[in-house]
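With mmCIF, C-alpha atoms inside, this is query_22.cif:
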```cif
data_query
#
loop_
_atom_site.label_atom_id
_atom_site.label_comp_id
_atom_site.auth_asym_id
_atom_site.auth_seq_id
_atom_site.Cartn_x
_atom_site.Cartn_y
_atom_site.Cartn_z
CA MET A 218 85.55 17.21 121.38
CA ALA A 219 88.39 19.13 122.96
CA VAL A 220 91.39 20.59 121.19
CA ASN A 221 94.53 18.64 122.02
CA THR A 222 96.89 21.15 123.68
CA GLU A 223 99.69 18.59 123.81
CA LEU A 224 100.36 19.23 120.12
CA GLN A 225 101.93 22.64 120.83
CA GLY A 226 105.33 22.56 119.17
CA ALA A 227 104.40 19.79 116.72
CA SER A 228 105.33 20.11 113.02
CA TYR A 229 103.68 18.83 109.85
CA ALA A 230 105.53 18.72 106.52
CA LEU A 231 104.01 18.32 103.05
CA PRO A 232 105.28 14.95 101.76
CA GLU A 233 106.14 16.44 98.35
CA PRO A 234 107.06 20.01 97.38
CA TYR A 235 104.29 22.20 95.94
CA GLU A 236 105.10 22.95 92.29
CA VAL A 237 104.16 26.49 91.26
CA SER A 238 102.75 26.63 87.72
CA ARG A 239 102.04 29.65 85.52
CA GLU A 240 98.47 28.44 85.16
CA ALA A 241 97.93 28.37 88.93
CA ILE A 242 99.34 31.91 89.28
CA ILE A 243 97.17 33.24 86.44
CA GLU A 244 94.04 31.60 87.87
CA PHE A 245 94.74 32.89 91.40
CA ALA A 246 95.47 36.41 90.08
CA ARG A 247 92.21 36.40 88.12
CA ALA A 248 90.22 35.15 91.14
CA THR A 249 91.53 38.00 93.31
CA GLY A 250 91.21 40.70 90.64
CA ALA A 251 94.99 41.15 90.43
CA GLN A 252 95.58 42.86 87.10
CA ASN A 253 99.32 43.45 87.33
CA ARG A 254 100.81 42.19 84.05
CA ALA A 255 103.72 40.54 85.88
CA HIS A 256 101.24 37.85 87.04
CA ARG A 257 100.45 36.88 83.45
CA SER A 258 103.38 37.82 81.27
CA ALA A 259 106.92 36.51 81.71
CA GLU A 260 108.06 39.51 79.67
CA ALA A 261 106.45 41.95 82.12
CA ALA A 262 107.95 39.99 85.05
CA ALA A 263 111.39 40.18 83.40
CA GLU A 264 111.23 44.01 83.56
CA PHE A 265 111.60 43.58 87.30
CA GLY A 266 114.29 40.91 87.00
CA TYR A 267 112.18 37.81 87.59
CA ALA A 268 112.74 34.53 85.77
CA ASP A 269 109.03 33.93 85.22
CA VAL A 270 105.57 35.24 86.14
CA VAL A 271 105.28 36.46 89.74
CA ALA A 272 102.64 35.17 92.16
CA PRO A 273 100.35 37.60 94.03
CA PRO A 274 101.46 38.04 97.66
CA THR A 275 98.67 35.88 99.11
CA PHE A 276 99.28 33.00 96.65
CA ALA A 277 101.44 31.42 99.38
CA VAL A 278 98.18 30.51 101.12
CA ILE A 279 97.76 27.56 98.72
CA PRO A 280 100.77 25.52 99.88
CA SER A 281 100.56 26.85 103.45
CA GLN A 282 96.89 25.83 103.88
CA ARG A 283 97.76 22.37 102.57
CA ALA A 284 100.42 22.01 105.27
CA GLU A 285 98.06 23.47 107.91
CA ALA A 286 95.41 20.94 106.86
CA LEU A 287 97.77 18.10 107.80
CA TYR A 288 97.51 19.41 111.36
CA ILE A 289 93.91 20.69 111.46
CA SER A 290 92.33 17.60 109.91
CA ASN A 291 94.46 15.17 111.92
CA PRO A 292 92.00 13.39 114.28
CA GLU A 293 94.68 13.68 117.00
CA ALA A 294 94.34 17.49 116.92
CA GLY A 295 90.72 17.34 118.13
CA ILE A 296 89.64 20.26 115.91
CA ASP A 297 86.00 20.40 114.74
CA PHE A 298 86.51 22.14 111.39
CA SER A 299 82.90 23.38 111.25
CA ARG A 300 83.72 25.51 114.32
CA VAL A 301 86.90 27.01 112.93
CA VAL A 302 87.03 30.76 112.30
CA HIS A 303 90.02 32.40 110.61
CA GLY A 304 91.51 35.00 112.97
CA SER A 305 94.50 36.54 111.22
CA GLU A 306 97.05 35.99 108.49
CA GLN A 307 100.53 37.33 107.81
CA PHE A 308 103.02 36.75 104.99
CA THR A 309 106.68 37.67 105.36
CA TYR A 310 108.65 37.30 102.15
CA ALA A 311 112.36 36.58 101.69
CA ARG A 312 111.68 36.70 97.94
CA PRO A 313 108.55 36.56 95.78
CA ILE A 314 107.20 33.25 94.50
CA VAL A 315 107.62 32.76 90.74
CA ALA A 316 106.39 30.08 88.34
CA GLY A 317 108.69 27.08 88.34
CA ASP A 318 109.32 27.21 92.09
CA LYS A 319 109.17 23.99 94.05
CA LEU A 320 108.22 24.84 97.60
CA ASN A 321 108.62 22.67 100.64
CA ALA A 322 106.12 23.50 103.38
CA VAL A 323 106.39 22.76 107.09
CA CYS A 324 103.60 23.85 109.44
CA HIS A 325 104.63 24.45 113.07
CA VAL A 326 102.02 24.63 115.82
CA ASP A 327 103.46 27.62 117.68
CA GLY A 328 100.62 28.59 119.99
CA LEU A 329 97.69 26.69 121.39
CA ARG A 330 95.61 28.04 124.22
CA GLU A 331 92.10 27.70 125.50
CA ALA A 332 90.06 30.55 126.95
CA GLY A 333 86.38 30.74 127.74
CA GLY A 334 85.60 27.49 125.96
CA HIS A 335 87.30 28.63 122.75
CA ALA A 336 90.72 27.58 121.52
CA MET A 337 93.11 29.93 119.77
CA ILE A 338 95.76 28.32 117.60
CA THR A 339 98.73 29.98 115.93
CA THR A 340 100.51 28.14 113.14
CA ARG A 341 103.65 29.22 111.30
CA THR A 342 104.28 27.62 107.94
CA GLU A 343 107.74 27.96 106.46
CA LEU A 344 107.86 27.74 102.67
CA THR A 345 111.34 27.03 101.39
CA ASP A 346 112.99 26.53 98.00
CA ALA A 347 113.29 22.79 97.34
CA ASN A 348 115.61 23.55 94.40
CA SER A 349 117.99 25.59 96.52
CA ASP A 350 118.81 23.82 99.81
CA ASP A 351 115.55 24.95 101.38
CA ALA A 352 116.45 28.64 101.24
CA PRO A 353 113.63 30.65 102.90
CA VAL A 354 110.93 32.01 100.57
CA VAL A 355 108.01 33.04 102.77
CA THR A 356 106.78 32.59 106.32
CA VAL A 357 103.00 32.35 106.69
CA THR A 358 101.61 32.96 110.18
CA SER A 359 97.97 32.14 110.69
CA THR A 360 95.67 32.17 113.69
CA ILE A 361 92.42 30.27 113.90
CA VAL A 362 89.79 30.22 116.59
CA VAL A 363 87.90 27.03 117.33
CA ARG A 364 84.57 28.12 118.81
CA GLY A 365 83.39 26.18 121.84
CA GLY A 366 80.18 24.17 121.72
CA GLU A 367 76.95 25.32 123.38
CA ALA A 368 77.13 23.82 126.86
CA MET B 158 107.95 65.82 49.18
CA ASN B 159 107.76 65.01 52.83
CA GLU B 160 108.68 61.53 53.85
CA PRO B 161 107.00 60.32 57.00
CA VAL B 162 109.51 60.60 59.79
CA GLU B 163 109.92 57.50 61.86
CA ARG B 164 109.63 58.35 65.51
CA GLU B 165 111.02 56.35 68.34
CA GLU B 166 108.09 55.38 70.46
CA TYR B 167 108.48 55.91 74.18
CA ARG B 168 107.10 53.00 76.09
CA PRO B 169 107.67 53.20 79.84
CA SER B 170 108.83 49.96 81.43
CA GLY B 171 107.40 48.59 84.65
CA THR B 172 110.22 50.03 86.73
CA ASP B 173 109.64 53.53 85.29
CA LEU B 174 106.04 53.40 86.44
CA ALA B 175 106.81 52.25 89.99
CA PRO B 176 106.30 54.82 92.76
CA LYS B 177 109.53 56.18 94.25
CA LEU B 178 110.43 56.18 97.93
CA ARG B 179 111.47 59.87 97.83
CA ASP B 180 107.98 60.86 96.63
CA GLN B 181 106.19 59.25 99.58
CA GLU B 182 104.70 61.25 102.42
CA VAL B 183 103.31 59.94 105.71
CA GLY B 184 99.55 60.39 105.88
CA ARG B 185 98.96 60.48 102.13
CA THR B 186 96.33 58.15 100.68
CA VAL B 187 97.93 56.25 97.82
CA VAL B 188 95.19 53.75 96.93
CA SER B 189 91.44 53.88 97.39
CA ALA B 190 89.04 51.48 95.77
CA ARG B 191 85.64 49.85 95.95
CA ILE B 192 85.83 46.12 95.29
CA PRO B 193 82.65 44.32 94.18
CA LEU B 194 82.06 40.71 95.23
CA SER B 195 79.56 38.24 93.80
CA ARG B 196 78.73 34.62 94.57
CA ALA B 197 80.53 33.73 91.33
CA ASP B 198 83.70 35.37 92.70
CA LEU B 199 83.55 33.10 95.76
CA VAL B 200 83.23 30.01 93.59
CA ALA B 201 86.14 31.15 91.40
CA TYR B 202 88.29 31.79 94.48
CA ALA B 203 87.39 28.37 95.94
CA GLY B 204 88.66 26.78 92.73
CA ALA B 205 91.81 28.89 92.44
CA SER B 206 92.82 28.57 96.09
CA GLY B 207 91.71 25.00 96.83
CA ASP B 208 89.63 26.24 99.79
CA HIS B 209 86.34 24.40 99.20
CA ASN B 210 84.75 25.03 102.60
CA PRO B 211 80.97 25.02 101.84
CA ILE B 212 80.36 28.09 104.06
CA HIS B 213 81.64 30.00 101.01
CA TRP B 214 79.11 28.66 98.52
CA ASN B 215 76.25 26.73 100.18
CA GLU B 216 73.59 28.69 102.08
CA ARG B 217 72.09 25.73 103.89
CA PHE B 218 75.48 24.64 105.20
CA ALA B 219 76.39 28.22 106.20
CA ARG B 220 73.14 28.56 108.20
CA GLU B 221 73.65 25.18 109.85
CA VAL B 222 76.95 26.37 111.32
CA GLY B 223 75.35 29.57 112.63
CA LEU B 224 76.06 32.10 109.87
CA ASP B 225 73.37 34.37 108.40
CA ASP B 226 74.32 33.44 104.83
CA VAL B 227 77.29 32.48 102.67
CA ILE B 228 80.41 34.50 103.54
CA ALA B 229 83.49 35.42 101.48
CA HIS B 230 86.77 33.66 102.18
CA GLY B 231 88.77 35.99 104.44
CA MET B 232 91.69 35.31 102.13
CA LEU B 233 89.64 36.45 99.11
CA SER B 234 89.09 39.82 100.81
CA MET B 235 92.76 40.06 101.78
CA GLY B 236 93.91 38.97 98.31
CA SER B 237 91.56 41.40 96.54
CA VAL B 238 92.76 44.31 98.68
CA LEU B 239 96.43 43.45 98.10
CA ALA B 240 95.78 43.16 94.37
CA ARG B 241 95.15 46.94 94.40
CA ILE B 242 98.40 47.46 96.29
CA THR B 243 100.45 45.42 93.80
CA GLU B 244 98.94 47.49 91.00
CA TRP B 245 100.16 50.64 92.74
CA ALA B 246 103.59 49.18 93.49
CA ALA B 247 104.01 48.08 89.82
CA ASP B 248 106.36 45.28 90.98
CA PRO B 249 104.27 42.57 92.71
CA GLY B 250 107.47 41.24 94.31
CA ALA B 251 107.92 44.55 96.12
CA ILE B 252 105.45 43.52 98.85
CA VAL B 253 107.79 42.13 101.51
CA ASP B 254 105.27 41.74 104.32
CA CYS B 255 101.49 41.88 104.61
CA ARG B 256 99.13 41.11 107.44
CA THR B 257 95.50 41.38 108.45
CA ARG B 258 92.93 40.39 111.07
CA PHE B 259 89.55 39.07 110.06
CA THR B 260 87.27 41.16 112.24
CA ALA B 261 83.81 40.58 110.70
CA PRO B 262 82.38 38.27 108.05
CA VAL B 263 81.57 39.57 104.57
CA ILE B 264 78.16 38.23 103.62
CA VAL B 265 77.77 37.60 99.90
CA ALA B 266 74.13 36.85 99.17
CA ASP B 267 72.94 35.16 96.01
CA ALA B 268 71.89 37.85 93.54
CA ALA B 269 68.08 38.19 93.68
CA SER B 270 67.94 38.98 89.98
CA GLY B 271 70.27 39.29 87.04
CA THR B 272 73.19 36.99 86.33
CA PRO B 273 74.89 34.98 89.12
CA ASP B 274 77.99 37.18 88.84
CA THR B 275 76.02 40.28 89.88
CA PRO B 276 77.86 41.79 92.89
CA THR B 277 75.98 41.72 96.19
CA ALA B 278 78.72 43.05 98.49
CA TYR B 279 81.33 45.79 98.22
CA LEU B 280 84.61 46.23 100.06
CA ASP B 281 85.74 49.83 100.51
CA MET B 282 89.47 50.17 101.00
CA ALA B 283 91.93 53.00 101.47
CA ALA B 284 95.70 52.67 101.88
CA VAL B 285 97.58 55.45 103.66
CA VAL B 286 101.35 55.77 104.05
CA GLY B 287 101.87 54.96 107.76
CA ALA B 288 105.66 55.02 107.95
CA ILE B 289 108.71 55.39 105.74
CA ASP B 290 111.88 53.45 106.49
CA GLU B 291 114.63 55.11 104.44
CA GLU B 292 117.25 52.62 105.58
CA ALA B 293 115.25 49.52 104.60
CA GLY B 294 113.86 51.29 101.52
CA THR B 295 110.29 50.44 102.46
CA VAL B 296 106.99 52.16 103.10
CA ARG B 297 104.36 50.76 105.43
CA LEU B 298 100.85 51.17 104.13
CA ASP B 299 98.03 51.14 106.69
CA ILE B 300 94.92 49.88 104.96
CA SER B 301 91.33 50.26 106.10
CA VAL B 302 88.81 47.79 104.72
CA SER B 303 85.09 47.94 105.37
CA CYS B 304 81.89 46.41 104.04
CA GLY B 305 78.90 48.65 104.73
CA GLU B 306 79.22 49.74 108.37
CA ASP B 307 81.60 46.95 109.39
CA THR B 308 85.37 46.98 109.45
CA VAL B 309 86.00 43.54 107.96
CA LEU B 310 89.80 43.52 107.87
CA GLY B 311 91.49 45.08 110.88
CA ARG B 312 95.07 46.27 111.33
CA THR B 313 95.82 45.56 107.69
CA GLN B 314 99.32 46.54 106.68
CA ALA B 315 101.57 46.02 103.70
CA LYS B 316 105.26 46.78 103.67
CA VAL B 317 106.40 47.71 100.17
CA ARG B 318 109.99 48.07 98.97
CA LEU B 319 110.45 51.08 96.68
CA ALA B 320 113.47 52.29 94.75
#
```
Starting from the coordinates I provided, produce the structure as structure tokens.
Amino acid sequence: MAVNTELQGASYALPEPYEVSREAIIEFARATGAQNRAHRSAEAAAEFGYADVVAPPTFAVIPSQRAEALYISNPEAGIDFSRVVHGSEQFTYARPIVAGDKLNAVCHVDGLREAGGHAMITTRTELTDANSDDAPVVTVTSTIVVRGGEA
Amino acid sequence: MNEPVEREEYRPSGTDLAPKLRDQEVGRTVVSARIPLSRADLVAYAGASGDHNPIHWNERFAREVGLDDVIAHGMLSMGSVLARITEWAADPGAIVDCRTRFTAPVIVADAASGTPDTPTAYLDMAAVVGAIDEEAGTVRLDISVSCGEDTVLGRTQAKVRLA
């Protein structure tokens, strides 16, 4: 199975916005050992001027990986998921994610190249505020490597 | 007769505890930590993140795809490291940019004895002030992350806005 390089430039949007709940933030914070009170207590978050509990910086991976999955698991993409290795990840925030946010997510296939039997794919997922004319919230840039098969 | 005097209790708010930009110095280590990981942590992260790839919890599957054993989610390592940075920053929303490269897998074996949440791998991290941008009001932290002999997260950086 070969990775389909014609999909460079393609975009995949989540059909519905991802709704950020307090429970999801608390569970994610606990799972990553994030003990900052602003993840659990709206009162602590208010000390910094936030309307509700604040998500840890890598929480954005939940909606962004859902949008990336629309591309990666699309049979058209030609990606064998068992050969996928995560290469790098970057989050650039316009503002932090807080409970109550509704986030639209669009995954753009920015880079797609093959070298030595492997394929390196760069996706950029834009998370925007569905309650506020899609104002930018965070950009998630991810690279994956699809390892080539043994010839 | 002495009446007990009521004292006003001083309780610092989150913003009081936050590090200040003027106190930062390039080259200074601001966070260092050892982060334990157990198989139970991987299962908890799979649930919290929605990443249910069996290479993070099933040994047979991990071996079938060419790994030596179950490995931690790269995003669990990144998230655990940044959790220590948000503790330092006091305001978790102060992290305006963070990035990493996954340079080596973190193997998390099943604990041979004891409870299933017994740690079997440790991440050692240190965050050093790499640059100060007075105009933007941010510091760039350069973070090293290793597991045993291996650097597992490479070129890890977090840009933090400080007052």
Could you please select, counting all atoms listed in the file, the residues of chain B within 6 Å of chain A and state them as a PyMOL selection string?
-> chain B and resi 201-202+205-206+236-237+240+244+250+253-259
Write out the residues from the selection above, keeping C-alpha atoms, as a PDB file, keeping the file's coordinate frame.
```pdb
ATOM      1  CA  ALA B 201      86.140  31.150  91.400  1.00  0.00           C
ATOM      2  CA  TYR B 202      88.290  31.790  94.480  1.00  0.00           C
ATOM      3  CA  ALA B 205      91.810  28.890  92.440  1.00  0.00           C
ATOM      4  CA  SER B 206      92.820  28.570  96.090  1.00  0.00           C
ATOM      5  CA  GLY B 236      93.910  38.970  98.310  1.00  0.00           C
ATOM      6  CA  SER B 237      91.560  41.400  96.540  1.00  0.00           C
ATOM      7  CA  ALA B 240      95.780  43.160  94.370  1.00  0.00           C
ATOM      8  CA  GLU B 244      98.940  47.490  91.000  1.00  0.00           C
ATOM      9  CA  GLY B 250     107.470  41.240  94.310  1.00  0.00           C
ATOM     10  CA  VAL B 253     107.790  42.130 101.510  1.00  0.00           C
ATOM     11  CA  ASP B 254     105.270  41.740 104.320  1.00  0.00           C
ATOM     12  CA  CYS B 255     101.490  41.880 104.610  1.00  0.00           C
ATOM     13  CA  ARG B 256      99.130  41.110 107.440  1.00  0.00           C
ATOM     14  CA  THR B 257      95.500  41.380 108.450  1.00  0.00           C
ATOM     15  CA  ARG B 258      92.930  40.390 111.070  1.00  0.00           C
ATOM     16  CA  PHE B 259      89.550  39.070 110.060  1.00  0.00           C
TER      17      PHE B 259
END
```
Tell me which protein, DNA and RNA residues are within 10 Å of Asp307 in chain B, counting all atoms listed in the file, leaving out same-chain ones fewer than 2 positions away, and put them as an mmCIF file with C-alpha atoms, keeping the file's coordinate frame.
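Writing the result to selection34.cif gives the following:
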```
data_model
loop_
_atom_site.group_PDB
_atom_site.id
_atom_site.type_symbol
_atom_site.label_atom_id
_atom_site.label_comp_id
_atom_site.auth_asym_id
_atom_site.auth_seq_id
_atom_site.Cartn_x
_atom_site.Cartn_y
_atom_site.Cartn_z
ATOM 1 C CA THR B 260 87.270 41.160 112.240
ATOM 2 C CA ALA B 261 83.810 40.580 110.700
ATOM 3 C CA PRO B 262 82.380 38.270 108.050
ATOM 4 C CA VAL B 263 81.570 39.570 104.570
ATOM 5 C CA LEU B 280 84.610 46.230 100.060
ATOM 6 C CA VAL B 302 88.810 47.790 104.720
ATOM 7 C CA SER B 303 85.090 47.940 105.370
ATOM 8 C CA CYS B 304 81.890 46.410 104.040
ATOM 9 C CA GLY B 305 78.900 48.650 104.730
ATOM 10 C CA VAL B 309 86.000 43.540 107.960
ATOM 11 C CA LEU B 310 89.800 43.520 107.870
#
```
List the neighbours of range 218-226 of chain A out to 7 Å using all atoms listed in the file; skip same-chain residues closer than 3 positions along the sequence, and give me the result as a list in words. Ala294, Gly295, Ile296, His325, Val326, Asp327, Gly328 and Leu329 of chain A
Just checking: using all atoms listed in the file, which residue out of A:Val237, A:Ala286, A:Ala230, A:Val301 ends up closest to Gly223 in chain B?
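Selected residue with least distance to Gly223 in chain B: A:Val301.
Remark: for Asp208 in chain B, the closest of the candidate residues B:Met232, B:Tyr279, B:Val317, B:Val238 is B:Met232 (distances computed over only C-alpha atoms).
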- Could you tell me which residues the PyMOL selection byres ((chain B and resi 219) around 12) grabs in this file, written as a list in words?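 This file gives the following for the PyMOL selection byres ((chain B and resi 219) around 12): Ser299 and Arg300 of chain A; Asn210, Pro211, Ile212, His213, Trp214, Asn215, Glu216, Arg217, Phe218, Arg220, Glu221, Val222, Gly223, Leu224, Asp225, Asp226, Val227, Ile228, Ala229, Pro262, Ile264, Val265 and Ala266 of chain B.
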Mind writing the picked residues with C-alpha atoms as a PDB file, keeping the file's coordinate frame?
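Once written, result01.pdb looks like this:
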```pdb
ATOM      1  CA  SER A 299      82.900  23.380 111.250  1.00  0.00           C
ATOM      2  CA  ARG A 300      83.720  25.510 114.320  1.00  0.00           C
TER       3      ARG A 300
ATOM      4  CA  ASN B 210      84.750  25.030 102.600  1.00  0.00           C
ATOM      5  CA  PRO B 211      80.970  25.020 101.840  1.00  0.00           C
ATOM      6  CA  ILE B 212      80.360  28.090 104.060  1.00  0.00           C
ATOM      7  CA  HIS B 213      81.640  30.000 101.010  1.00  0.00           C
ATOM      8  CA  TRP B 214      79.110  28.660  98.520  1.00  0.00           C
ATOM      9  CA  ASN B 215      76.250  26.730 100.180  1.00  0.00           C
ATOM     10  CA  GLU B 216      73.590  28.690 102.080  1.00  0.00           C
ATOM     11  CA  ARG B 217      72.090  25.730 103.890  1.00  0.00           C
ATOM     12  CA  PHE B 218      75.480  24.640 105.200  1.00  0.00           C
ATOM     13  CA  ARG B 220      73.140  28.560 108.200  1.00  0.00           C
ATOM     14  CA  GLU B 221      73.650  25.180 109.850  1.00  0.00           C
ATOM     15  CA  VAL B 222      76.950  26.370 111.320  1.00  0.00           C
ATOM     16  CA  GLY B 223      75.350  29.570 112.630  1.00  0.00           C
ATOM     17  CA  LEU B 224      76.060  32.100 109.870  1.00  0.00           C
ATOM     18  CA  ASP B 225      73.370  34.370 108.400  1.00  0.00           C
ATOM     19  CA  ASP B 226      74.320  33.440 104.830  1.00  0.00           C
ATOM     20  CA  VAL B 227      77.290  32.480 102.670  1.00  0.00           C
ATOM     21  CA  ILE B 228      80.410  34.500 103.540  1.00  0.00           C
ATOM     22  CA  ALA B 229      83.490  35.420 101.480  1.00  0.00           C
ATOM     23  CA  PRO B 262      82.380  38.270 108.050  1.00  0.00           C
ATOM     24  CA  ILE B 264      78.160  38.230 103.620  1.00  0.00           C
ATOM     25  CA  VAL B 265      77.770  37.600  99.900  1.00  0.00           C
ATOM     26  CA  ALA B 266      74.130  36.850  99.170  1.00  0.00           C
TER      27      ALA B 266
END
```
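With all atoms listed in the file as the basis for measurement, A:Ala316 is the residue among A:Ala227, A:Ala268, A:Ala316, A:Ile338 that approaches Arg239 in chain A most closely.
Between CA of Gly311 in chain B and CA of Met235 in chain B lies a distance of 10.5 Å.
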Residues within 7 Å of range 185-196 of chain B, please, as a PyMOL selection string. Count all atoms listed in the file; anything in the same chain fewer than 4 positions from it doesn't count.
chain B and resi 200+265-267+273-286
| task | Report the residues retrieved by the PyMOL selection byres ((chain A and resi 235) around 10) from the displayed file, expressed as a ChimeraX atom specification. | result | /A:231-234,236-238,279-281,283,318-322,344,346-347
Point to revise | Selection: 7 Å around Arg297 in chain B, all atoms listed in the file, excl. self and same-chain fewer than 4 positions, as a list in words | key: Val286, Gly287, Ala288, Ile289, Gln314, Ala315, Lys316 and Val317 of chain B
| message | Please report the interatomic distance between CA of Thr339 in chain A and CA of Leu287 in chain A in Å with one decimal. | response |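 Computing it gives 14.4 Å between the two atoms.
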Expressed in Å, the length from CA of Glu293 in chain A to CA of Gly204 in chain B is 28.2 Å
